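A.B. asks: Dropping in final.txt, which is compact mmCIF, C-alpha atoms:
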# COMPACT_ATOMS: atom_id res chain seq x y z
CA MET U 1 74.60 105.56 78.60
CA LYS U 2 75.87 109.02 77.67
CA PHE U 3 75.92 111.45 80.56
CA ASP U 4 76.00 115.24 80.62
CA PRO U 5 79.44 116.83 81.01
CA VAL U 6 80.36 117.55 84.63
CA ALA U 7 82.16 120.82 85.36
CA ILE U 8 85.52 120.60 87.09
CA ARG U 9 85.62 123.86 89.03
CA ALA U 10 88.84 123.30 91.01
CA TYR U 11 91.54 120.70 91.61
CA THR U 12 94.72 120.20 93.57
CA ALA U 13 97.44 117.57 94.07
CA THR U 14 100.21 117.04 96.61
CA THR U 15 102.94 114.51 95.85
CA ALA U 16 106.67 113.95 96.22
CA VAL U 17 107.32 116.73 93.69
CA GLY U 18 105.63 119.34 95.89
CA ARG U 19 102.43 120.84 97.21
CA GLY U 20 99.72 122.02 94.84
CA HIS U 21 99.12 121.62 91.12
CA GLY U 22 101.61 124.38 90.31
CA ALA U 23 104.44 122.30 91.76
CA LEU U 24 103.18 119.27 89.86
CA PHE U 25 103.11 121.13 86.55
CA ASP U 26 106.51 122.71 87.14
CA ALA U 27 108.06 119.31 87.88
CA SER U 28 106.45 117.89 84.74
CA ARG U 29 107.66 120.81 82.64
CA THR U 30 111.24 120.68 83.93
CA ARG U 31 111.29 116.86 84.13
CA ARG U 32 112.20 116.91 87.81
CA SER U 33 111.45 113.64 89.58
CA GLY U 34 110.50 113.45 93.24
CA LEU U 35 111.63 109.85 93.66
CA LYS U 36 114.41 109.08 96.14
CA ARG U 37 116.16 105.97 97.40
CA TYR U 38 114.35 104.25 100.25
CA GLU U 39 116.07 104.36 103.64
CA ALA U 40 115.27 101.52 106.04
CA ARG U 41 112.94 102.46 108.91
CA ARG U 42 110.54 100.77 111.25
CA ASP U 43 107.72 102.99 110.15
CA PHE U 44 107.10 106.39 108.58
CA ALA U 45 106.47 108.06 111.94
CA THR U 46 109.96 107.25 113.23
CA ASP U 47 113.25 106.73 111.50
CA VAL U 48 114.31 103.74 113.58
CA GLU U 49 116.03 101.14 111.40
CA GLY U 50 113.75 98.49 109.94
CA PRO U 51 113.61 96.16 106.92
CA ALA U 52 116.13 96.84 104.19
CA LEU U 53 114.49 97.24 100.77
CA ASP U 54 116.42 98.10 97.63
CA THR U 55 113.96 100.46 95.97
CA TRP U 56 112.96 104.07 95.35
CA ILE U 57 109.94 105.87 96.82
CA GLY U 58 107.96 109.07 96.31
CA GLU U 59 107.69 110.58 99.80
CA VAL U 60 105.83 113.78 100.70
CA GLU U 61 108.15 115.72 102.96
CA GLY U 62 107.05 117.23 106.27
CA LEU U 63 104.09 115.00 107.16
CA GLN U 64 105.46 114.24 110.63
CA SER U 65 105.16 117.92 111.55
CA ILE U 66 101.61 118.42 110.22
CA GLU U 67 99.05 119.04 112.98
CA LEU U 68 95.34 118.57 112.42
CA PRO U 69 93.09 121.30 113.83
CA GLU U 70 91.47 120.45 117.16
CA PRO U 71 88.04 119.51 115.68
CA LEU U 72 89.80 116.92 113.50
CA ALA U 73 92.38 115.73 116.02
CA ARG U 74 90.73 112.31 116.42
CA PHE U 75 91.60 111.57 112.77
CA ASP U 76 95.34 111.99 113.33
CA CYS U 77 97.44 109.52 111.31
CA ARG U 78 99.85 109.84 108.40
CA ASN U 79 97.15 109.31 105.78
CA ASN U 80 94.83 111.94 107.20
CA ARG U 81 97.67 114.40 107.72
CA LEU U 82 98.39 114.00 104.01
CA ALA U 83 94.71 114.51 103.20
CA TRP U 84 94.59 117.65 105.34
CA LEU U 85 97.79 118.99 103.77
CA GLY U 86 96.35 118.36 100.31
CA LEU U 87 93.12 120.21 101.12
CA GLN U 88 95.11 123.34 102.06
CA GLN U 89 96.66 123.76 98.60
CA ASP U 90 95.40 125.92 95.71
CA GLU U 91 92.68 127.40 97.96
CA PHE U 92 90.82 124.15 97.48
CA LEU U 93 89.34 124.00 100.99
CA ALA U 94 87.85 127.49 100.62
CA LYS U 95 86.44 126.64 97.18
CA ALA U 96 84.89 123.43 98.49
CA ARG U 97 83.32 125.24 101.44
CA ALA U 98 81.95 127.86 99.06
CA ALA U 99 80.27 125.10 97.03
CA VAL U 100 78.68 123.73 100.21
CA ALA U 101 77.35 127.21 100.99
CA ARG U 102 76.11 127.61 97.42
CA TYR U 103 74.23 124.33 97.11
CA GLY U 104 73.53 123.33 100.71
CA ALA U 105 75.38 120.73 102.76
CA THR U 106 73.05 117.85 101.89
CA ARG U 107 73.50 118.41 98.15
CA VAL U 108 77.29 117.98 98.19
CA ALA U 109 78.85 114.52 98.18
CA VAL U 110 82.31 113.50 99.38
CA ILE U 111 83.83 110.49 97.60
CA ILE U 112 87.42 109.52 98.37
CA GLY U 113 89.53 106.66 97.00
CA THR U 114 92.12 104.96 99.19
CA SER U 115 93.68 101.53 99.52
CA THR U 116 95.70 101.30 102.73
CA SER U 117 94.13 104.28 104.54
CA GLY U 118 95.72 104.68 108.00
CA ILE U 119 97.47 101.33 108.11
CA GLU U 120 100.76 102.96 109.15
CA GLN U 121 98.98 103.92 112.40
CA ALA U 122 97.96 100.28 112.86
CA GLU U 123 101.54 99.12 112.25
CA SER U 124 102.71 101.35 115.10
CA ALA U 125 99.86 100.16 117.34
CA TYR U 126 100.71 96.49 116.79
CA ARG U 127 104.32 97.16 117.76
CA ALA U 128 103.05 98.77 120.98
CA ARG U 129 100.90 95.84 122.13
CA ASP U 130 101.12 94.94 125.82
CA ALA U 131 102.12 91.57 127.25
CA ALA U 132 98.60 90.24 126.73
CA GLY U 133 98.57 91.31 123.09
CA ARG U 134 96.18 94.21 123.62
CA LEU U 135 96.45 97.23 121.36
CA PRO U 136 97.13 100.59 123.04
CA GLU U 137 94.03 102.53 124.06
CA SER U 138 95.22 105.44 121.95
CA PHE U 139 94.67 103.45 118.73
CA SER U 140 91.38 104.44 117.07
CA TYR U 141 90.30 102.11 114.28
CA PRO U 142 87.26 104.14 113.10
CA THR U 143 89.16 107.41 112.61
CA THR U 144 92.48 106.09 111.26
CA LEU U 145 92.65 102.58 109.77
CA ASN U 146 89.04 102.42 108.57
CA ASN U 147 88.80 103.31 104.87
CA PHE U 148 85.94 105.67 105.75
CA SER U 149 88.35 107.72 107.84
CA ALA U 150 89.57 109.95 104.99
CA PRO U 151 86.13 110.78 103.52
CA ALA U 152 84.83 111.47 107.04
CA LEU U 153 87.70 113.90 107.65
CA VAL U 154 87.10 115.69 104.33
CA ALA U 155 83.35 115.91 104.93
CA HIS U 156 83.93 117.38 108.39
CA ALA U 157 86.49 119.83 107.00
CA VAL U 158 84.25 121.20 104.23
CA GLY U 159 80.91 120.89 106.05
CA ALA U 160 79.26 118.56 103.53
CA THR U 161 76.56 116.15 104.69
CA GLY U 162 75.55 114.60 101.35
CA PRO U 163 76.46 111.03 100.34
CA THR U 164 79.90 110.34 101.82
CA PHE U 165 81.85 107.17 101.16
CA ALA U 166 85.17 105.59 100.31
CA ILE U 167 86.05 103.60 97.21
CA SER U 168 88.76 101.00 97.71
CA THR U 169 89.45 99.10 94.49
CA ALA U 170 93.24 99.22 94.66
CA CYS U 171 94.85 101.42 91.99
CA SER U 172 91.58 102.39 90.30
CA SER U 173 90.03 103.73 93.55
CA SER U 174 90.32 107.46 92.95
CA ALA U 175 89.52 107.25 89.25
CA LYS U 176 86.21 105.61 90.10
CA VAL U 177 85.25 108.61 92.25
CA PHE U 178 84.51 110.54 89.05
CA ALA U 179 82.12 107.87 87.80
CA ALA U 180 80.41 107.62 91.17
CA ALA U 181 79.89 111.39 91.36
CA ALA U 182 78.48 111.51 87.82
CA ARG U 183 75.95 108.78 88.67
CA LEU U 184 74.77 110.65 91.77
CA MET U 185 74.35 113.81 89.71
CA ARG U 186 72.44 111.96 87.02
CA ALA U 187 70.10 110.61 89.71
CA ASP U 188 69.65 114.20 90.99
CA TRP U 189 70.85 113.27 94.47
CA ILE U 190 73.53 115.97 94.47
CA ASP U 191 74.55 119.18 92.75
CA ALA U 192 78.27 119.01 93.55
CA ALA U 193 80.90 116.59 94.79
CA ILE U 194 84.32 116.78 96.40
CA VAL U 195 86.12 113.80 94.93
CA GLY U 196 89.65 112.71 95.57
CA GLY U 197 92.10 110.13 96.75
CA VAL U 198 94.79 109.77 99.37
CA ASP U 199 97.28 107.00 100.12
CA SER U 200 100.39 107.19 102.28
CA LEU U 201 103.57 105.19 102.55
CA CYS U 202 103.69 102.27 104.96
CA LEU U 203 105.76 99.14 105.44
CA THR U 204 102.80 96.86 104.71
CA THR U 205 102.64 98.21 101.17
CA LEU U 206 106.39 98.26 100.57
CA CYS U 207 107.03 94.80 102.01
CA GLY U 208 103.98 93.39 100.25
CA PHE U 209 105.07 94.58 96.81
CA SER U 210 108.60 93.41 97.61
CA ALA U 211 107.23 89.93 98.35
CA LEU U 212 105.53 89.99 94.95
CA GLU U 213 108.92 90.91 93.41
CA LEU U 214 107.36 94.03 91.89
CA LEU U 215 109.60 96.75 93.34
CA SER U 216 112.17 98.32 91.05
CA ARG U 217 115.72 98.82 92.30
CA ASP U 218 115.92 101.98 90.20
CA PRO U 219 113.44 104.79 89.56
CA CYS U 220 110.62 103.14 87.62
CA ARG U 221 110.92 103.10 83.81
CA PRO U 222 107.46 102.57 82.29
CA PHE U 223 107.41 100.85 78.88
CA ASP U 224 111.20 100.55 78.84
CA ARG U 225 112.70 97.31 77.57
CA ALA U 226 114.70 97.04 80.82
CA ARG U 227 111.87 97.99 83.21
CA SER U 228 111.89 96.00 86.44
CA GLY U 229 108.93 97.13 88.52
CA ILE U 230 107.24 99.96 90.35
CA SER U 231 108.33 102.80 92.61
CA ILE U 232 105.80 103.27 95.42
CA GLY U 233 104.75 106.81 96.28
CA GLU U 234 102.23 108.68 98.37
CA GLY U 235 99.97 111.56 97.53
CA ALA U 236 96.65 113.33 97.87
CA GLY U 237 94.47 114.90 95.21
CA PHE U 238 91.02 116.49 95.14
CA ALA U 239 88.63 117.91 92.56
CA LEU U 240 85.44 119.93 92.91
CA LEU U 241 82.74 118.75 90.49
CA GLU U 242 79.52 120.61 89.79
CA ALA U 243 76.57 119.35 87.75
CA ARG U 244 75.55 122.62 86.14
CA ALA U 245 78.33 125.16 85.88
CA ASP U 246 80.80 126.75 83.50
CA ALA U 247 84.41 125.59 83.87
CA PRO U 248 87.69 125.42 81.94
CA ALA U 249 87.43 121.62 81.81
CA TYR U 250 84.77 118.95 82.06
CA LEU U 251 84.46 115.29 82.90
CA LEU U 252 83.03 113.90 79.65
CA GLY U 253 82.88 110.17 80.33
CA ALA U 254 83.96 107.31 82.56
CA GLY U 255 84.18 103.57 81.94
CA GLU U 256 84.59 100.80 84.50
CA SER U 257 85.28 97.09 84.13
CA SER U 258 86.45 94.02 85.98
CA ASP U 259 88.31 91.40 83.97
CA ALA U 260 88.85 89.14 87.05
CA HIS U 261 91.79 87.53 85.27
CA HIS U 262 94.17 87.27 88.22
CA MET U 263 94.62 88.80 91.68
CA SER U 264 97.78 90.70 90.74
CA THR U 265 98.26 90.31 86.97
CA PRO U 266 96.22 92.01 84.22
CA HIS U 267 94.67 90.09 81.36
CA PRO U 268 97.59 89.65 78.89
CA GLU U 269 95.62 91.20 76.02
CA GLY U 270 94.30 94.04 78.15
CA LEU U 271 90.69 92.84 78.09
CA GLY U 272 89.61 94.84 81.13
CA ALA U 273 91.50 97.89 79.91
CA ARG U 274 89.70 97.78 76.56
CA LEU U 275 86.31 97.48 78.23
CA ALA U 276 87.01 100.45 80.51
CA MET U 277 88.29 102.67 77.70
CA ARG U 278 85.39 101.76 75.42
CA GLY U 279 82.97 102.45 78.25
CA ALA U 280 84.49 105.88 78.77
CA LEU U 281 84.13 106.67 75.06
CA GLU U 282 80.51 105.50 75.02
CA THR U 283 79.48 107.58 78.03
CA ALA U 284 81.22 110.60 76.47
CA GLY U 285 79.59 109.96 73.09
CA LEU U 286 83.01 110.13 71.39
CA ALA U 287 84.86 108.09 68.79
CA PRO U 288 88.44 106.98 69.56
CA GLU U 289 89.75 109.52 67.04
CA ALA U 290 88.50 112.36 69.26
CA VAL U 291 91.04 111.53 71.98
CA ASP U 292 94.26 113.55 71.63
CA TYR U 293 96.26 112.11 74.54
CA VAL U 294 96.17 109.07 76.85
CA ASN U 295 97.66 109.21 80.33
CA LEU U 296 98.63 105.59 80.82
CA HIS U 297 98.42 103.53 83.99
CA GLY U 298 101.97 102.53 83.05
CA THR U 299 103.26 100.87 86.22
CA ALA U 300 106.59 99.71 84.69
CA THR U 301 105.94 96.07 85.60
CA ARG U 302 106.75 93.34 83.12
CA SER U 303 103.09 92.34 82.62
CA ASN U 304 101.08 95.57 82.94
CA ASP U 305 102.78 97.68 80.29
CA PRO U 306 102.43 95.29 77.31
CA ALA U 307 98.82 94.49 78.21
CA GLU U 308 97.87 98.16 78.43
CA GLY U 309 100.00 99.04 75.41
CA ARG U 310 98.21 96.50 73.21
CA ALA U 311 94.79 97.69 74.34
CA VAL U 312 95.64 101.37 73.77
CA ALA U 313 97.22 100.73 70.36
CA ASP U 314 94.27 98.64 69.18
CA LEU U 315 91.74 101.27 70.25
CA PHE U 316 93.56 104.56 69.63
CA GLY U 317 96.21 103.70 67.03
CA ASN U 318 99.17 106.08 67.22
CA THR U 319 97.58 108.58 69.62
CA ALA U 320 100.21 110.08 71.94
CA SER U 321 100.41 108.44 75.36
CA SER U 322 102.69 108.51 78.38
CA SER U 323 103.06 107.32 81.96
CA THR U 324 103.81 109.91 84.64
CA LYS U 325 104.71 107.58 87.51
CA GLY U 326 108.40 108.44 87.08
CA TRP U 327 107.69 111.81 88.72
CA PHE U 328 105.99 110.78 91.95
CA GLY U 329 105.74 106.98 91.93
CA HIS U 330 102.73 104.70 91.98
CA LEU U 331 100.27 106.30 94.37
CA LEU U 332 98.00 103.22 94.61
CA GLY U 333 94.59 104.49 95.83
CA ALA U 334 95.56 108.09 95.00
CA ALA U 335 96.93 107.29 91.53
CA GLY U 336 93.65 107.86 89.69
CA ILE U 337 92.98 111.37 91.00
CA VAL U 338 96.56 112.64 90.70
CA GLU U 339 97.00 111.29 87.18
CA SER U 340 93.63 112.76 86.25
CA ILE U 341 94.98 116.10 87.45
CA VAL U 342 98.11 115.56 85.33
CA THR U 343 95.72 115.05 82.40
CA LEU U 344 93.80 118.22 83.26
CA LEU U 345 97.07 120.15 83.42
CA ALA U 346 97.92 118.85 79.94
CA LEU U 347 94.62 120.25 78.69
CA GLU U 348 95.11 123.56 80.49
CA HIS U 349 98.75 124.20 79.58
CA ALA U 350 98.97 122.47 76.18
CA MET U 351 101.90 120.34 77.35
CA LEU U 352 101.96 116.57 77.13
CA PRO U 353 104.42 115.09 79.65
CA GLY U 354 106.91 112.57 78.33
CA THR U 355 107.68 109.32 80.14
CA LEU U 356 110.42 110.04 82.67
CA HIS U 357 113.44 107.66 83.04
CA THR U 358 112.44 105.63 79.96
CA THR U 359 115.00 105.54 77.14
CA ASP U 360 114.60 102.24 75.26
CA LEU U 361 110.98 101.49 74.39
CA ASP U 362 109.91 97.86 74.58
CA PRO U 363 108.73 96.61 71.15
CA ASP U 364 106.20 94.40 72.97
CA CYS U 365 104.37 97.61 73.88
CA PRO U 366 102.94 98.80 70.52
CA ASN U 367 101.33 102.04 71.70
CA THR U 368 102.91 105.41 70.87
CA VAL U 369 104.80 106.38 74.04
CA LEU U 370 106.11 109.93 74.38
CA LEU U 371 109.63 110.07 75.81
CA ASP U 372 110.01 113.85 75.73
CA ASN U 373 107.50 116.56 76.62
CA GLU U 374 105.46 117.82 73.70
CA THR U 375 103.87 121.25 73.47
CA ARG U 376 100.56 120.99 71.66
CA ASP U 377 96.97 122.13 72.14
CA ILE U 378 94.65 119.24 72.88
CA GLU U 379 90.87 119.13 73.29
CA VAL U 380 90.16 115.68 74.76
CA ALA U 381 92.30 113.42 76.95
CA LEU U 382 91.80 110.07 78.64
CA SER U 383 93.38 108.79 81.86
CA ASN U 384 93.70 105.08 82.74
CA SER U 385 93.79 103.48 86.20
CA PHE U 386 93.90 99.71 86.54
CA GLY U 387 93.90 97.89 89.87
CA PHE U 388 94.71 94.48 91.31
CA GLY U 389 92.02 91.90 90.71
CA GLY U 390 91.22 93.46 87.34
CA SER U 391 89.33 96.48 88.68
CA ASN U 392 89.70 99.07 85.93
CA CYS U 393 88.58 102.63 85.27
CA SER U 394 89.15 105.12 82.44
CA VAL U 395 88.02 108.74 82.57
CA ILE U 396 87.78 111.29 79.75
CA PHE U 397 88.21 115.04 80.17
CA GLY U 398 87.67 117.83 77.67
CA ARG U 399 88.11 121.56 77.32
CA GLU U 400 85.22 124.02 77.28
CA ASN U 401 84.94 124.55 73.52
CA ARG U 402 84.55 120.83 72.82
CA THR U 403 81.99 120.10 75.56
CA LEU U 404 79.73 123.03 74.76
CA SER U 405 79.72 122.62 71.00
Could you write out this structure as structure tokens?
C.D. replies:
Amino acid sequence: MKFDPVAIRAYTATTAVGRGHGALFDASRTRRSGLKRYEARRDFATDVEGPALDTWIGEVEGLQSIELPEPLARFDCRNNRLAWLGLQQDEFLAKARAAVARYGATRVAVIIGTSTSGIEQAESAYRARDAAGRLPESFSYPTTLNNFSAPALVAHAVGATGPTFAISTACSSSAKVFAAAARLMRADWIDAAIVGGVDSLCLTTLCGFSALELLSRDPCRPFDRARSGISIGEGAGFALLEARADAPAYLLGAGESSDAHHMSTPHPEGLGARLAMRGALETAGLAPEAVDYVNLHGTATRSNDPAEGRAVADLFGNTASSSTKGWFGHLLGAAGIVESIVTLLALEHAMLPGTLHTTDLDPDCPNTVLLDNETRDIEVALSNSFGFGGSNCSVIFGRENRTLS
């Protein structure tokens, strides 16, 4: 079903390349990566030596020194510190509060994607168990580990009391927030939504992907013949959506699918990816030829890239595409929102980011992958996010002159 374009009034992103969308664009423009070699530690609150992993990570600097304001102190954990830091950038918090004042608290939703939430806090708590195995009294499950923790913090921070929930579908989590907000607007439950995603580094994630033999020993190289896996990162991103407003960019469509092929491997022919991309085109009322750029999920794993590449090539032909995970890593539950913001920056600044660290394209990936940045005006762009278990989402964004014509 085609839905009305949704105005994107503001957005922000905080990743390993810096705080705010200006830092993200500057890093993209200058091809400066934020990835660094992982140093063994017990957790990301202390630097005590822990498991040795030969990989690279995208770490947001300074999170240990972030303090939540007193009304939000009960939410204190690495993930929520990152969320709070992200809200401070690009005047986003003030703009979100202004929307709440404009529409009324009950008419503004908060929808946040996350996968591990505050699990780093739980890791520390389990190490601090007493002789009987009891967790320390200071550990608060509802306000840290619980996936609802981040949306609750954001709702408290902006003063919204409309529908508030988390989406946790692995790497598609914070792409699906756009689709969820559009549905609520179509049902006339809300007039605006603060959507976003936040995921932070933790040993559970790093050791888990290491056990799956999916971590790269070098900075990730999406679609490269010699790619060897992912680089895990952390980040936070937010967007302010309004149902009836003028804006430089609009959400035009969103498609979701579940191929249920395998718990950690995509369908080899990209079945779920095709369904999600076609769904996005249908809800936007667009033909594939209308899309000027595709921001790929592009994890740099052996199986994901060919599957996505085949699906993109079959649907969009030689349309320019690229993966931007070489800048800040794979942000898991925050990947969808941050890569959507990368796509919005491409629309705003007429610059398509190349695929960082990739030099030798894999012929098994037939899509047209940009290696170098390309300066070109574009009108419509699509961003892909595909998660474990085959949970997929594609979102389409467009500039003002296309959506209002």
A.B. asks: Take the point (108.6, 97.6, 82.8) as written in the file and pick out every residue within 10 Å of it, counting all atoms listed in the file; give the list as an NGL selection string.
C.D. replies: :U and (214 or 216 or 220-230 or 298-306 or 358 or 361-362 or 365)
A.B. asks: For atom CA of Ala83 of chain U and atom CA of Ala236 of chain U, quote the distance in Å rounded to one decimal.
C.D. replies: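 Between atom CA of Ala83 of chain U and atom CA of Ala236 of chain U the gap is 5.8 Å.
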A.B. asks: Could you give me, as an mmCIF file with C-alpha atoms, in the frame of the given file, the residues within 10 Å of segment 49-55 of chain U, counting all atoms listed in the file and dropping anything in the same chain fewer than 2 positions from it?
C.D. replies:
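What follows is the written file part.cif:
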data_model
loop_
_atom_site.group_PDB
_atom_site.id
_atom_site.type_symbol
_atom_site.label_atom_id
_atom_site.label_comp_id
_atom_site.auth_asym_id
_atom_site.auth_seq_id
_atom_site.Cartn_x
_atom_site.Cartn_y
_atom_site.Cartn_z
ATOM 1 C CA LEU U 35 111.630 109.850 93.660
ATOM 2 C CA LYS U 36 114.410 109.080 96.140
ATOM 3 C CA ARG U 37 116.160 105.970 97.400
ATOM 4 C CA TYR U 38 114.350 104.250 100.250
ATOM 5 C CA GLU U 39 116.070 104.360 103.640
ATOM 6 C CA ALA U 40 115.270 101.520 106.040
ATOM 7 C CA ARG U 41 112.940 102.460 108.910
ATOM 8 C CA ARG U 42 110.540 100.770 111.250
ATOM 9 C CA ASP U 43 107.720 102.990 110.150
ATOM 10 C CA THR U 46 109.960 107.250 113.230
ATOM 11 C CA ASP U 47 113.250 106.730 111.500
ATOM 12 C CA ILE U 57 109.940 105.870 96.820
ATOM 13 C CA LEU U 203 105.760 99.140 105.440
ATOM 14 C CA LEU U 206 106.390 98.260 100.570
ATOM 15 C CA CYS U 207 107.030 94.800 102.010
ATOM 16 C CA SER U 210 108.600 93.410 97.610
ATOM 17 C CA LEU U 215 109.600 96.750 93.340
ATOM 18 C CA SER U 216 112.170 98.320 91.050
ATOM 19 C CA ARG U 217 115.720 98.820 92.300
ATOM 20 C CA ASP U 218 115.920 101.980 90.200
ATOM 21 C CA PRO U 219 113.440 104.790 89.560
ATOM 22 C CA CYS U 220 110.620 103.140 87.620
ATOM 23 C CA GLY U 229 108.930 97.130 88.520
ATOM 24 C CA ILE U 230 107.240 99.960 90.350
ATOM 25 C CA SER U 231 108.330 102.800 92.610
ATOM 26 C CA ILE U 232 105.800 103.270 95.420
#
A.B. asks: In Å, with one decimal, what is the gap from atom CA of Arg19 of chain U to atom CA of Pro248 of chain U?
C.D. replies: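 Result for atom CA of Arg19 of chain U versus atom CA of Pro248 of chain U: 21.7 Å, one decimal.
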A.B. asks: Per residue of segment 286-357 of chain U within 10 Å of segment 1-11 of chain U, which atom pair is closest and at what distance in Å (one decimal), using all atoms listed in the file, listed by chain and increasing number, as a tab-separated table?
C.D. replies:
residue	atom	partner	partner_atom	distance
U:Leu286	CA	U:Lys2	CA	9.6
U:Ile337	CA	U:Tyr11	CA	9.5
U:Val338	CA	U:Tyr11	CA	9.5
U:Ser340	CA	U:Tyr11	CA	9.8
U:Ile341	CA	U:Tyr11	CA	7.1
U:Leu344	CA	U:Tyr11	CA	9.0
U:Leu345	CA	U:Tyr11	CA	9.9
A.B. asks: For each of U:Glu213, U:Asp292, U:Asp246, U:Glu137, take the minimum atom-to-atom distance to Ala350 of chain U, counting all atoms listed in the file, then give the residue where this is smallest.
C.D. replies: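 Looking only at the distances to Ala350 of chain U, the closest residue turns out to be U:Asp292.
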A.B. asks: Find the distance between atom CA of Ser140 of chain U and atom CA of Ser124 of chain U and write it in Å to one decimal.
C.D. replies: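 Between these atoms lies a distance of 11.9 Å.
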A.B. asks: How would you write as a VMD selection string the residues that get within 9 Å of (94.8, 101.9, 112.2) in the file's frame, counting all atoms listed in the file?
C.D. replies: chain U and resid 77 117 to 125 139 to 146
A.B. asks: Find the spatial neighbours of Gln64 of chain U, counting only C-alpha atoms, within a cut-off of 12 Å - ignore same-chain residues fewer than 3 positions away - and output them as a PDB file with C-alpha atoms, keeping the file's coordinate frame.
C.D. replies:
ATOM      1  CA  ASP U  43     107.720 102.990 110.150  1.00  0.00           C
ATOM      2  CA  PHE U  44     107.100 106.390 108.580  1.00  0.00           C
ATOM      3  CA  ALA U  45     106.470 108.060 111.940  1.00  0.00           C
ATOM      4  CA  THR U  46     109.960 107.250 113.230  1.00  0.00           C
ATOM      5  CA  ASP U  47     113.250 106.730 111.500  1.00  0.00           C
ATOM      6  CA  GLU U  59     107.690 110.580  99.800  1.00  0.00           C
ATOM      7  CA  VAL U  60     105.830 113.780 100.700  1.00  0.00           C
ATOM      8  CA  GLU U  61     108.150 115.720 102.960  1.00  0.00           C
ATOM      9  CA  GLU U  67      99.050 119.040 112.980  1.00  0.00           C
ATOM     10  CA  LEU U  68      95.340 118.570 112.420  1.00  0.00           C
ATOM     11  CA  ASP U  76      95.340 111.990 113.330  1.00  0.00           C
ATOM     12  CA  CYS U  77      97.440 109.520 111.310  1.00  0.00           C
ATOM     13  CA  ARG U  78      99.850 109.840 108.400  1.00  0.00           C
ATOM     14  CA  ASN U  79      97.150 109.310 105.780  1.00  0.00           C
ATOM     15  CA  ASN U  80      94.830 111.940 107.200  1.00  0.00           C
ATOM     16  CA  ARG U  81      97.670 114.400 107.720  1.00  0.00           C
ATOM     17  CA  LEU U  82      98.390 114.000 104.010  1.00  0.00           C
ATOM     18  CA  LEU U  85      97.790 118.990 103.770  1.00  0.00           C
TER      19      LEU U  85
END
A.B. asks: I need the residue nearest Phe388 of chain U from this list: U:Gly159, U:Gly333, U:Pro353, U:Gly326. Use only C-alpha atoms for the distance.
C.D. replies: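 Closest residue, counting only C-alpha atoms: U:Gly333.
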A.B. asks: Which residues are near Val395 of chain U? Cut-off 6 Å, all atoms listed in the file, ignore same chain within fewer than 4 positions. Put them as number ranges by chain.
C.D. replies: U: 253-254, 280, 382-383
A.B. asks: I'd like to know which of U:His297, U:Ala157, U:Glu242, U:Leu212 is closest to Glu70 of chain U, using all atoms listed in the file.
C.D. replies: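 Of the candidates, the smallest distance to Glu70 of chain U is held by U:Ala157.
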A.B. asks: Of the candidates U:Glu339, U:Asp372, U:Asp360, U:Asp199, which shows the shortest atom-to-atom distance to Leu24 of chain U, using all atoms listed in the file?
C.D. replies: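 Selected residue with least distance to Leu24 of chain U: U:Glu339.
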A.B. asks: As a ChimeraX atom specification, please: the residues near Ser321 of chain U (cut-off 10 Å, all atoms listed in the file, same-chain neighbours under 5 positions excluded).
C.D. replies: /U:292-296,298,309,312-313,316,352-355,367-371,381-383
A.B. asks: So which one's closest to Glu379 of chain U, U:Asn392, U:Asn318, U:Thr343, U:Ser174? Using all atoms listed in the file, please.
C.D. replies: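 Smallest distance to Glu379 of chain U is found for U:Thr343.
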A.B. asks: Which residue is closest to Thr106 of chain U? Choose from U:Ala155, U:Ala249, U:Val198, U:Ala13 and count only C-alpha atoms.
C.D. replies: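 Residue with the minimum atom-to-atom distance to Thr106 of chain U: U:Ala155.
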